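*Asks:* Sharing input_33.pdb, PDB, C-alpha atoms:
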MODEL        1
ATOM      1  CA  MET A 202     134.962 -50.392 -84.361
ATOM      2  CA  SER A 203     132.476 -53.191 -83.684
ATOM      3  CA  LYS A 204     133.416 -56.081 -81.442
ATOM      4  CA  ALA A 205     131.823 -59.419 -80.602
ATOM      5  CA  TYR A 206     132.618 -62.370 -78.393
ATOM      6  CA  VAL A 207     131.422 -65.731 -79.698
ATOM      7  CA  LEU A 208     131.159 -68.691 -77.328
ATOM      8  CA  PHE A 209     131.073 -72.177 -78.858
ATOM      9  CA  SER A 210     129.819 -75.592 -77.881
ATOM     10  CA  CYS A 211     131.425 -78.162 -80.137
ATOM     11  CA  GLU A 212     131.780 -81.872 -80.665
ATOM     12  CA  SER A 213     134.050 -83.551 -78.146
ATOM     13  CA  GLY A 214     137.733 -83.273 -79.061
ATOM     14  CA  SER A 215     137.191 -80.798 -81.900
ATOM     15  CA  ASP A 216     138.231 -77.589 -80.145
ATOM     16  CA  ASN A 217     141.702 -77.412 -81.758
ATOM     17  CA  TYR A 218     140.168 -77.943 -85.206
ATOM     18  CA  ILE A 219     137.656 -75.148 -84.596
ATOM     19  CA  VAL A 220     140.284 -72.751 -83.195
ATOM     20  CA  ARG A 221     142.514 -73.351 -86.259
ATOM     21  CA  ASN A 222     139.576 -72.615 -88.586
ATOM     22  CA  LEU A 223     138.581 -69.495 -86.649
ATOM     23  CA  LYS A 224     142.108 -68.087 -86.849
ATOM     24  CA  THR A 225     141.868 -68.081 -90.669
ATOM     25  CA  ILE A 226     138.935 -65.628 -90.573
ATOM     26  CA  GLU A 227     140.081 -62.027 -90.996
ATOM     27  CA  THR A 228     137.866 -60.518 -88.288
ATOM     28  CA  VAL A 229     138.846 -63.035 -85.575
ATOM     29  CA  ARG A 230     141.412 -61.331 -83.319
ATOM     30  CA  GLU A 231     141.687 -64.117 -80.727
ATOM     31  CA  ALA A 232     140.445 -67.706 -80.560
ATOM     32  CA  TYR A 233     141.071 -70.189 -77.742
ATOM     33  CA  GLY A 234     139.865 -73.489 -76.437
ATOM     34  CA  THR A 235     138.525 -73.102 -72.900
ATOM     35  CA  PHE A 236     137.789 -75.014 -69.724
ATOM     36  CA  GLY A 237     134.254 -74.173 -68.665
ATOM     37  CA  ILE A 238     130.707 -74.498 -69.903
ATOM     38  CA  TYR A 239     131.803 -73.460 -73.412
ATOM     39  CA  ASP A 240     134.519 -75.200 -75.436
ATOM     40  CA  VAL A 241     135.908 -72.290 -77.482
ATOM     41  CA  ILE A 242     135.831 -68.493 -77.331
ATOM     42  CA  ALA A 243     136.595 -66.063 -80.153
ATOM     43  CA  LYS A 244     136.960 -62.300 -80.017
ATOM     44  CA  MET A 245     136.097 -60.570 -83.288
ATOM     45  CA  GLU A 246     136.516 -56.982 -84.475
ATOM     46  CA  SER A 247     135.344 -55.219 -87.619
ATOM     47  CA  ASP A 248     134.507 -51.781 -88.923
ATOM     48  CA  SER A 249     130.816 -52.696 -88.902
ATOM     49  CA  GLU A 250     128.406 -54.790 -86.889
ATOM     50  CA  ASP A 251     126.775 -55.936 -90.130
ATOM     51  CA  GLU A 252     130.064 -57.467 -91.286
ATOM     52  CA  LEU A 253     130.458 -59.306 -87.981
ATOM     53  CA  GLN A 254     126.928 -60.675 -88.195
ATOM     54  CA  GLU A 255     127.464 -61.816 -91.773
ATOM     55  CA  ILE A 256     130.749 -63.582 -90.994
ATOM     56  CA  ILE A 257     129.271 -65.277 -87.923
ATOM     57  CA  THR A 258     126.243 -66.439 -89.891
ATOM     58  CA  LYS A 259     127.828 -67.351 -93.227
ATOM     59  CA  LYS A 260     131.327 -68.503 -92.232
ATOM     60  CA  ILE A 261     131.656 -69.353 -88.561
ATOM     61  CA  ARG A 262     128.407 -71.240 -88.036
ATOM     62  CA  ARG A 263     129.210 -73.355 -91.082
ATOM     63  CA  ILE A 264     132.453 -74.711 -89.615
ATOM     64  CA  PRO A 265     131.925 -78.450 -89.125
ATOM     65  CA  LYS A 266     131.756 -79.823 -85.554
ATOM     66  CA  ILE A 267     130.257 -76.660 -84.032
ATOM     67  CA  ARG A 268     127.076 -77.597 -82.175
ATOM     68  CA  ALA A 269     125.984 -74.142 -80.978
ATOM     69  CA  THR A 270     127.176 -70.551 -80.702
ATOM     70  CA  LEU A 271     126.346 -67.697 -78.356
ATOM     71  CA  THR A 272     127.228 -64.244 -79.694
ATOM     72  CA  LEU A 273     127.742 -61.297 -77.352
ATOM     73  CA  MET A 274     127.982 -58.003 -79.222
ATOM     74  CA  ALA A 275     130.027 -55.349 -77.448
ATOM     75  CA  TYR A 276     128.026 -52.215 -76.802
ATOM     76  CA  GLU A 277     129.500 -49.640 -79.194
ATOM     77  CA  LYS A 278     129.123 -46.784 -76.743
ATOM     78  CA  ASN A 279     131.231 -48.559 -74.114
ATOM     79  CA  ILE A 280     133.347 -46.489 -71.821
ATOM     80  CA  LEU A 281     136.883 -47.153 -73.007
ATOM     81  CA  PHE A 282     138.457 -50.045 -71.151
ATOM     82  CA  GLY A 283     141.687 -51.822 -71.828
ATOM     83  CA  LYS A 284     145.157 -51.676 -70.419
ATOM     84  CA  GLY A 285     146.547 -50.485 -73.759
ATOM     85  CA  LEU A 286     149.064 -53.299 -74.039
ATOM     86  CA  SER A 287     151.629 -53.148 -76.807
ATOM     87  CA  PRO A 288     151.824 -56.151 -79.160
ATOM     88  CA  ASP A 289     155.023 -57.275 -77.377
ATOM     89  CA  GLU A 290     153.390 -57.033 -73.937
ATOM     90  CA  LYS A 291     150.354 -58.933 -75.201
ATOM     91  CA  GLU A 292     152.584 -61.668 -76.635
ATOM     92  CA  ILE A 293     154.440 -62.002 -73.317
ATOM     93  CA  LEU A 294     151.144 -62.282 -71.417
ATOM     94  CA  ASP A 295     149.829 -64.822 -73.917
ATOM     95  CA  ARG A 296     152.958 -66.931 -73.606
ATOM     96  CA  HIS A 297     153.805 -66.646 -69.901
ATOM     97  CA  SER A 298     150.585 -66.283 -67.974
ATOM     98  CA  SER A 299     147.286 -67.994 -67.390
ATOM     99  CA  GLN A 300     144.272 -66.253 -68.875
ATOM    100  CA  ALA A 301     140.513 -66.451 -68.602
ATOM    101  CA  TYR A 302     137.474 -64.692 -69.950
ATOM    102  CA  ILE A 303     134.851 -63.896 -67.334
ATOM    103  CA  ALA A 304     131.223 -63.528 -68.444
ATOM    104  CA  ILE A 305     129.381 -61.396 -65.898
ATOM    105  CA  HIS A 306     125.791 -60.808 -64.850
ATOM    106  CA  CYS A 307     125.319 -57.599 -62.870
ATOM    107  CA  ASN A 308     122.378 -55.586 -61.605
ATOM    108  CA  LYS A 309     120.657 -53.834 -64.494
ATOM    109  CA  THR A 310     121.661 -50.215 -65.152
ATOM    110  CA  HIS A 311     124.927 -50.695 -63.215
ATOM    111  CA  GLU A 312     127.051 -52.046 -66.086
ATOM    112  CA  ASN A 313     129.203 -48.899 -66.414
ATOM    113  CA  GLU A 314     129.930 -48.803 -62.661
ATOM    114  CA  VAL A 315     130.899 -52.486 -62.632
ATOM    115  CA  LEU A 316     133.103 -52.022 -65.706
ATOM    116  CA  LEU A 317     134.881 -49.076 -64.057
ATOM    117  CA  ASP A 318     135.443 -51.154 -60.898
ATOM    118  CA  LEU A 319     136.832 -54.008 -63.015
ATOM    119  CA  GLY A 320     139.286 -51.534 -64.528
ATOM    120  CA  GLU A 321     140.754 -50.956 -61.059
ATOM    121  CA  ILE A 322     141.762 -54.630 -60.754
ATOM    122  CA  PRO A 323     145.307 -55.001 -62.144
ATOM    123  CA  GLU A 324     144.730 -58.532 -63.442
ATOM    124  CA  VAL A 325     141.741 -57.463 -65.566
ATOM    125  CA  VAL A 326     143.376 -56.522 -68.871
ATOM    126  CA  GLU A 327     140.260 -55.669 -70.898
ATOM    127  CA  GLY A 328     136.503 -55.518 -70.602
ATOM    128  CA  ASP A 329     133.354 -54.684 -72.523
ATOM    129  CA  ILE A 330     129.674 -54.220 -71.831
ATOM    130  CA  VAL A 331     127.970 -56.779 -74.076
ATOM    131  CA  LEU A 332     124.486 -57.291 -75.444
ATOM    132  CA  GLY A 333     123.138 -60.816 -75.086
ATOM    133  CA  SER A 334     122.946 -63.420 -72.367
ATOM    134  CA  PHE A 335     125.557 -61.659 -70.210
ATOM    135  CA  ASP A 336     126.154 -58.011 -69.274
ATOM    136  CA  ILE A 337     129.966 -57.748 -69.302
ATOM    137  CA  MET A 338     132.843 -59.773 -70.715
ATOM    138  CA  CYS A 339     136.337 -59.238 -69.322
ATOM    139  CA  LYS A 340     139.723 -60.862 -69.746
ATOM    140  CA  VAL A 341     141.907 -61.702 -66.758
ATOM    141  CA  SER A 342     145.623 -62.497 -66.828
ATOM    142  CA  ALA A 343     147.534 -63.899 -63.835
ATOM    143  CA  PRO A 344     150.543 -66.177 -63.176
ATOM    144  CA  THR A 345     148.444 -69.332 -62.539
ATOM    145  CA  TYR A 346     144.867 -70.554 -62.808
ATOM    146  CA  ASN A 347     144.768 -70.606 -58.990
ATOM    147  CA  ASP A 348     145.586 -66.886 -59.085
ATOM    148  CA  ILE A 349     142.749 -66.361 -61.577
ATOM    149  CA  SER A 350     140.435 -68.179 -59.183
ATOM    150  CA  ASP A 351     141.523 -65.812 -56.404
ATOM    151  CA  VAL A 352     140.959 -62.757 -58.629
ATOM    152  CA  VAL A 353     137.451 -63.927 -59.492
ATOM    153  CA  THR A 354     136.398 -64.972 -55.985
ATOM    154  CA  LYS A 355     138.183 -62.321 -53.918
ATOM    155  CA  LYS A 356     138.037 -59.294 -56.224
ATOM    156  CA  ILE A 357     135.569 -59.558 -59.104
ATOM    157  CA  ARG A 358     132.713 -61.193 -57.194
ATOM    158  CA  LYS A 359     133.119 -58.624 -54.393
ATOM    159  CA  ILE A 360     132.304 -55.704 -56.696
ATOM    160  CA  GLN A 361     129.089 -53.930 -55.764
ATOM    161  CA  ASN A 362     126.150 -54.799 -58.068
ATOM    162  CA  MET A 363     127.773 -58.071 -59.177
ATOM    163  CA  LYS A 364     125.259 -60.936 -59.510
ATOM    164  CA  SER A 365     127.179 -63.889 -60.982
ATOM    165  CA  THR A 366     130.141 -64.889 -63.115
ATOM    166  CA  VAL A 367     131.044 -67.668 -65.548
ATOM    167  CA  THR A 368     134.780 -68.306 -65.893
ATOM    168  CA  LEU A 369     136.249 -69.657 -69.134
ATOM    169  CA  ASN A 370     139.891 -70.560 -68.518
ATOM    170  CA  VAL A 371     141.870 -70.267 -71.754
ATOM    171  CA  ILE A 372     143.733 -73.362 -72.922
ATOM    172  CA  PRO A 373     147.257 -72.241 -73.910
TER
ENDMDL
END
Now that the file is in, can you turn its structure into C-alpha coordinates?
*Replies:*
Amino acid sequence: MSKAYVLFSCESGSDNYIVRNLKTIETVREAYGTFGIYDVIAKMESDSEDELQEIITKKIRRIPKIRATLTLMAYEKNILFGKGLSPDEKEILDRHSSQAYIAIHCNKTHENEVLLDLGEIPEVVEGDIVLGSFDIMCKVSAPTYNDISDVVTKKIRKIQNMKSTVTLNVIP
(Lines of atoms letter the chains of each structure in order from A and count residues from 1; the text may use other names and numbers.)
(Lines give C-alpha, C1' and ligand atoms only; values in the text may rest on other atoms or scores of the structure.)
Protein backbone atom coordinates (compact mmCIF):
# COMPACT_ATOMS: atom_id res chain seq x y z
CA MET A 1 0.00 0.00 0.00
CA SER A 2 1.40 3.39 -1.02
CA LYS A 3 0.61 6.47 1.02
CA ALA A 4 1.16 10.19 0.53
CA TYR A 5 0.46 13.35 2.46
CA VAL A 6 -0.28 16.41 0.33
CA LEU A 7 -0.03 19.88 1.86
CA PHE A 8 -1.83 22.73 0.09
CA SER A 9 -1.53 26.48 -0.13
CA CYS A 10 -4.74 27.87 -1.56
CA GLU A 11 -6.54 31.09 -2.28
CA SER A 12 -7.90 32.80 0.81
CA GLY A 13 -11.26 31.41 1.92
CA SER A 14 -11.21 28.46 -0.48
CA ASP A 15 -10.20 25.70 1.93
CA ASN A 16 -13.73 24.26 2.33
CA TYR A 17 -14.15 24.18 -1.46
CA ILE A 18 -10.84 22.34 -1.86
CA VAL A 19 -11.58 19.86 0.95
CA ARG A 20 -14.99 19.05 -0.62
CA ASN A 21 -13.32 18.43 -4.00
CA LEU A 22 -10.57 16.29 -2.46
CA LYS A 23 -13.10 14.08 -0.68
CA THR A 24 -14.58 13.09 -4.07
CA ILE A 25 -11.26 11.53 -5.17
CA GLU A 26 -11.16 7.79 -4.51
CA THR A 27 -7.62 7.66 -3.13
CA VAL A 28 -8.10 10.51 -0.62
CA ARG A 29 -8.65 8.93 2.81
CA GLU A 30 -8.69 12.17 4.82
CA ALA A 31 -8.82 15.85 3.90
CA TYR A 32 -8.95 18.79 6.32
CA GLY A 33 -8.51 22.51 6.43
CA THR A 34 -5.71 23.44 8.82
CA PHE A 35 -4.36 26.27 10.94
CA GLY A 36 -0.67 26.62 10.16
CA ILE A 37 1.62 27.44 7.27
CA TYR A 38 -0.48 25.24 4.95
CA ASP A 39 -4.22 25.66 4.38
CA VAL A 40 -5.28 22.05 3.69
CA ILE A 41 -3.84 18.58 4.24
CA ALA A 42 -4.88 15.36 2.51
CA LYS A 43 -3.84 11.80 3.27
CA MET A 44 -3.96 9.50 0.25
CA GLU A 45 -3.60 5.73 -0.12
CA SER A 46 -3.41 3.51 -3.18
CA ASP A 47 -2.11 0.15 -4.30
CA SER A 48 0.65 1.89 -6.25
CA GLU A 49 2.82 4.97 -6.00
CA ASP A 50 2.35 5.54 -9.74
CA GLU A 51 -1.42 5.86 -9.25
CA LEU A 52 -0.92 8.39 -6.45
CA GLN A 53 1.45 10.45 -8.58
CA GLU A 54 -0.97 10.40 -11.51
CA ILE A 55 -3.95 11.47 -9.40
CA ILE A 56 -1.96 14.25 -7.73
CA THR A 57 -0.71 15.52 -11.08
CA LYS A 58 -3.81 15.07 -13.25
CA LYS A 59 -6.67 15.58 -10.77
CA ILE A 60 -5.62 17.30 -7.57
CA ARG A 61 -3.34 19.98 -8.99
CA ARG A 62 -6.07 20.92 -11.45
CA ILE A 63 -8.58 21.81 -8.72
CA PRO A 64 -9.21 25.55 -9.03
CA LYS A 65 -7.97 27.85 -6.23
CA ILE A 66 -4.97 25.68 -5.30
CA ARG A 67 -1.84 27.83 -5.43
CA ALA A 68 0.78 25.20 -4.53
CA THR A 69 1.15 21.64 -3.26
CA LEU A 70 3.85 19.83 -1.32
CA THR A 71 3.71 16.04 -1.60
CA LEU A 72 5.33 13.81 1.02
CA MET A 73 5.44 10.17 -0.05
CA ALA A 74 5.43 7.70 2.82
CA TYR A 75 8.46 5.44 2.74
CA GLU A 76 7.06 2.03 1.76
CA LYS A 77 9.44 0.13 4.01
CA ASN A 78 8.24 2.00 7.10
CA ILE A 79 8.20 0.19 10.38
CA LEU A 80 4.52 -0.36 11.07
CA PHE A 81 3.04 2.46 13.10
CA GLY A 82 -0.55 3.16 13.93
CA LYS A 83 -2.76 2.57 16.90
CA GLY A 84 -4.98 0.22 14.89
CA LEU A 85 -8.15 2.16 15.58
CA SER A 86 -11.45 0.64 14.52
CA PRO A 87 -13.68 2.74 12.25
CA ASP A 88 -15.93 3.51 15.25
CA GLU A 89 -12.98 4.62 17.39
CA LYS A 90 -11.67 6.77 14.55
CA GLU A 91 -15.09 8.39 14.11
CA ILE A 92 -15.28 9.17 17.85
CA LEU A 93 -11.81 10.74 17.78
CA ASP A 94 -12.69 12.74 14.66
CA ARG A 95 -15.87 14.04 16.25
CA HIS A 96 -14.85 14.58 19.88
CA SER A 97 -11.20 15.55 19.95
CA SER A 98 -8.80 18.09 18.58
CA GLN A 99 -6.35 16.79 16.00
CA ALA A 100 -3.18 17.95 14.31
CA TYR A 101 -0.65 16.67 11.84
CA ILE A 102 2.95 17.27 12.85
CA ALA A 103 5.60 17.50 10.12
CA ILE A 104 8.98 16.65 11.63
CA HIS A 105 12.62 17.25 10.79
CA CYS A 106 14.99 14.92 12.63
CA ASN A 107 18.67 14.10 12.48
CA LYS A 108 19.43 12.09 9.35
CA THR A 109 19.55 8.30 9.74
CA HIS A 110 17.53 8.49 12.98
CA GLU A 111 14.04 8.45 11.43
CA ASN A 112 13.19 4.91 12.62
CA GLU A 113 14.27 5.68 16.21
CA VAL A 114 12.22 8.89 16.27
CA LEU A 115 9.19 7.08 14.81
CA LEU A 116 9.46 4.36 17.48
CA ASP A 117 9.67 7.03 20.21
CA LEU A 118 6.60 8.78 18.75
CA GLY A 119 4.75 5.47 19.00
CA GLU A 120 5.26 5.53 22.77
CA ILE A 121 3.30 8.79 23.09
CA PRO A 122 -0.38 7.91 23.65
CA GLU A 123 -1.69 10.98 21.82
CA VAL A 124 0.22 10.11 18.62
CA VAL A 125 -2.27 7.94 16.74
CA GLU A 126 -0.28 7.34 13.54
CA GLY A 127 3.02 8.18 11.91
CA ASP A 128 5.07 7.63 8.79
CA ILE A 129 8.59 8.27 7.58
CA VAL A 130 8.14 10.45 4.49
CA LEU A 131 10.25 11.38 1.50
CA GLY A 132 10.31 15.09 0.70
CA SER A 133 10.77 18.30 2.61
CA PHE A 134 10.16 16.63 5.98
CA ASP A 135 11.33 13.35 7.53
CA ILE A 136 8.25 12.18 9.46
CA MET A 137 4.54 12.99 9.45
CA CYS A 138 2.44 12.03 12.47
CA LYS A 139 -1.11 12.62 13.62
CA VAL A 140 -1.90 13.70 17.17
CA SER A 141 -5.28 13.52 18.89
CA ALA A 142 -6.03 15.19 22.24
CA PRO A 143 -9.02 16.77 24.04
CA THR A 144 -8.08 20.39 23.14
CA TYR A 145 -5.65 22.31 20.96
CA ASN A 146 -3.91 23.43 24.17
CA ASP A 147 -3.35 19.75 24.95
CA ILE A 148 -1.91 19.25 21.46
CA SER A 149 0.44 22.16 22.11
CA ASP A 150 1.57 20.46 25.33
CA VAL A 151 2.11 17.14 23.51
CA VAL A 152 4.24 18.83 20.86
CA THR A 153 6.29 21.02 23.20
CA LYS A 154 6.63 18.69 26.20
CA LYS A 155 6.78 15.27 24.52
CA ILE A 156 7.47 15.32 20.78
CA ARG A 157 10.12 18.05 20.77
CA LYS A 158 11.90 16.33 23.69
CA ILE A 159 12.56 13.17 21.66
CA GLN A 160 16.25 12.55 21.06
CA ASN A 161 17.37 13.43 17.50
CA MET A 162 14.41 15.78 16.97
CA LYS A 163 15.37 18.96 15.07
CA SER A 164 12.11 20.85 14.42
CA THR A 165 8.37 20.48 13.96
CA VAL A 166 5.60 22.19 12.00
CA THR A 167 2.13 21.79 13.51
CA LEU A 168 -0.98 21.81 11.32
CA ASN A 169 -4.04 21.95 13.57
CA VAL A 170 -7.01 20.31 11.84
CA ILE A 171 -10.13 22.42 11.40
CA PRO A 172 -13.10 20.26 12.47
*Asks:* What's the 12 Å shell around Thr366 in chain A, counting all atoms listed in the file, without same-chain residues fewer than 6 positions away, as an MDAnalysis selection string?
*Replies:* chainID A and resid 237:238 301:307 334:339 350 352:354 356:360
*Asks:* Tell me which residues the PyMOL selection byres ((chain A and resi 328) around 9) grabs here, as a VMD selection string.
*Replies:* chain A and resid 281 to 283 316 319 to 320 325 to 327 329 to 330 337 to 340
*Asks:* Measure the distance from CA of Asp248 in chain A to CA of Tyr206 in chain A in Å and round it to one decimal.
*Replies:*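 About the pair CA of Asp248 in chain A and CA of Tyr206 in chain A: they are 15.1 Å apart.
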*Asks:* One decimal, Å: what's the distance from CA of Gln361 in chain A over to CA of Ala205 in chain A, could you say?
*Replies:*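 A separation of 25.6 Å between them.
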*Asks:* Could you tell me how far CA of Asp351 in chain A lies from CA of Ile372 in chain A, in Å and to one decimal?
*Replies:*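 These atoms are spaced 18.3 Å apart.
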*Asks:* Quick test: take range 221-255 of chain A, keep N, CA and C atoms, and write it as a CSV table (one decimal), in the first residue's frame.
*Replies:*
chain,number,residue,atom,x,y,z
A,221,ARG,N,-13.8,19.7,0.0
A,221,ARG,CA,-15.0,19.0,-0.6
A,221,ARG,C,-14.6,18.3,-1.9
A,222,ASN,N,-13.8,19.0,-2.7
A,222,ASN,CA,-13.3,18.4,-4.0
A,222,ASN,C,-12.4,17.3,-3.7
A,223,LEU,N,-11.5,17.4,-2.8
A,223,LEU,CA,-10.6,16.3,-2.5
A,223,LEU,C,-11.3,15.0,-2.0
A,224,LYS,N,-12.4,15.2,-1.2
A,224,LYS,CA,-13.1,14.1,-0.7
A,224,LYS,C,-13.8,13.3,-1.8
A,225,THR,N,-13.9,13.8,-3.0
A,225,THR,CA,-14.6,13.1,-4.1
A,225,THR,C,-13.6,12.2,-4.8
A,226,ILE,N,-12.3,12.3,-4.5
A,226,ILE,CA,-11.3,11.5,-5.2
A,226,ILE,C,-11.1,10.2,-4.4
A,227,GLU,N,-11.1,9.1,-5.1
A,227,GLU,CA,-11.2,7.8,-4.5
A,227,GLU,C,-10.0,7.5,-3.6
A,228,THR,N,-8.8,8.0,-3.9
A,228,THR,CA,-7.6,7.7,-3.1
A,228,THR,C,-7.4,8.6,-1.9
A,229,VAL,N,-8.2,9.6,-1.8
A,229,VAL,CA,-8.1,10.5,-0.6
A,229,VAL,C,-8.8,9.9,0.6
A,230,ARG,N,-8.1,9.5,1.6
A,230,ARG,CA,-8.6,8.9,2.8
A,230,ARG,C,-9.1,10.0,3.8
A,231,GLU,N,-8.4,11.1,3.9
A,231,GLU,CA,-8.7,12.2,4.8
A,231,GLU,C,-8.3,13.5,4.1
A,232,ALA,N,-9.1,14.5,4.4
A,232,ALA,CA,-8.8,15.9,3.9
A,232,ALA,C,-9.4,16.9,4.9
A,233,TYR,N,-8.6,17.8,5.3
A,233,TYR,CA,-9.0,18.8,6.3
A,233,TYR,C,-8.4,20.2,6.0
A,234,GLY,N,-9.1,21.2,6.4
A,234,GLY,CA,-8.5,22.5,6.4
A,234,GLY,C,-7.6,22.5,7.7
A,235,THR,N,-6.6,23.4,7.7
A,235,THR,CA,-5.7,23.4,8.8
A,235,THR,C,-5.4,24.9,9.2
A,236,PHE,N,-5.0,25.0,10.5
A,236,PHE,CA,-4.4,26.3,10.9
A,236,PHE,C,-2.9,26.0,10.9
A,237,GLY,N,-2.1,26.8,10.2
A,237,GLY,CA,-0.7,26.6,10.2
A,237,GLY,C,-0.2,27.2,8.9
A,238,ILE,N,1.0,26.8,8.5
A,238,ILE,CA,1.6,27.4,7.3
A,238,ILE,C,1.0,26.9,6.0
A,239,TYR,N,0.3,25.8,6.1
A,239,TYR,CA,-0.5,25.2,5.0
A,239,TYR,C,-2.0,25.4,5.3
A,240,ASP,N,-2.8,25.4,4.2
A,240,ASP,CA,-4.2,25.7,4.4
A,240,ASP,C,-5.0,24.4,4.4
A,241,VAL,N,-4.5,23.3,3.8
A,241,VAL,CA,-5.3,22.1,3.7
A,241,VAL,C,-4.3,20.9,3.7
A,242,ILE,N,-4.6,19.8,4.3
A,242,ILE,CA,-3.8,18.6,4.2
A,242,ILE,C,-4.7,17.4,3.8
A,243,ALA,N,-4.2,16.6,2.9
A,243,ALA,CA,-4.9,15.4,2.5
A,243,ALA,C,-4.0,14.2,2.7
A,244,LYS,N,-4.6,13.1,3.2
A,244,LYS,CA,-3.8,11.8,3.3
A,244,LYS,C,-4.4,10.9,2.2
A,245,MET,N,-3.5,10.3,1.4
A,245,MET,CA,-4.0,9.5,0.2
A,245,MET,C,-3.4,8.1,0.4
A,246,GLU,N,-4.1,7.1,-0.1
A,246,GLU,CA,-3.6,5.7,-0.1
A,246,GLU,C,-4.0,5.1,-1.4
A,247,SER,N,-3.1,4.2,-1.9
A,247,SER,CA,-3.4,3.5,-3.2
A,247,SER,C,-2.6,2.2,-3.2
A,248,ASP,N,-2.9,1.4,-4.1
A,248,ASP,CA,-2.1,0.2,-4.3
A,248,ASP,C,-0.8,0.5,-4.9
A,249,SER,N,-0.6,1.6,-5.6
A,249,SER,CA,0.6,1.9,-6.3
A,249,SER,C,1.0,3.4,-6.1
A,250,GLU,N,2.3,3.6,-6.0
A,250,GLU,CA,2.8,5.0,-6.0
A,250,GLU,C,2.5,5.7,-7.3
A,251,ASP,N,2.6,5.0,-8.4
A,251,ASP,CA,2.3,5.5,-9.7
A,251,ASP,C,0.9,6.1,-9.8
A,252,GLU,N,0.0,5.4,-9.2
A,252,GLU,CA,-1.4,5.9,-9.3
A,252,GLU,C,-1.5,7.1,-8.4
A,253,LEU,N,-0.9,7.2,-7.3
A,253,LEU,CA,-0.9,8.4,-6.5
A,253,LEU,C,-0.3,9.6,-7.2
A,254,GLN,N,0.8,9.4,-7.8
A,254,GLN,CA,1.4,10.5,-8.6
A,254,GLN,C,0.6,10.9,-9.7
A,255,GLU,N,-0.1,10.0,-10.4
A,255,GLU,CA,-1.0,10.4,-11.5
A,255,GLU,C,-2.2,11.2,-11.0
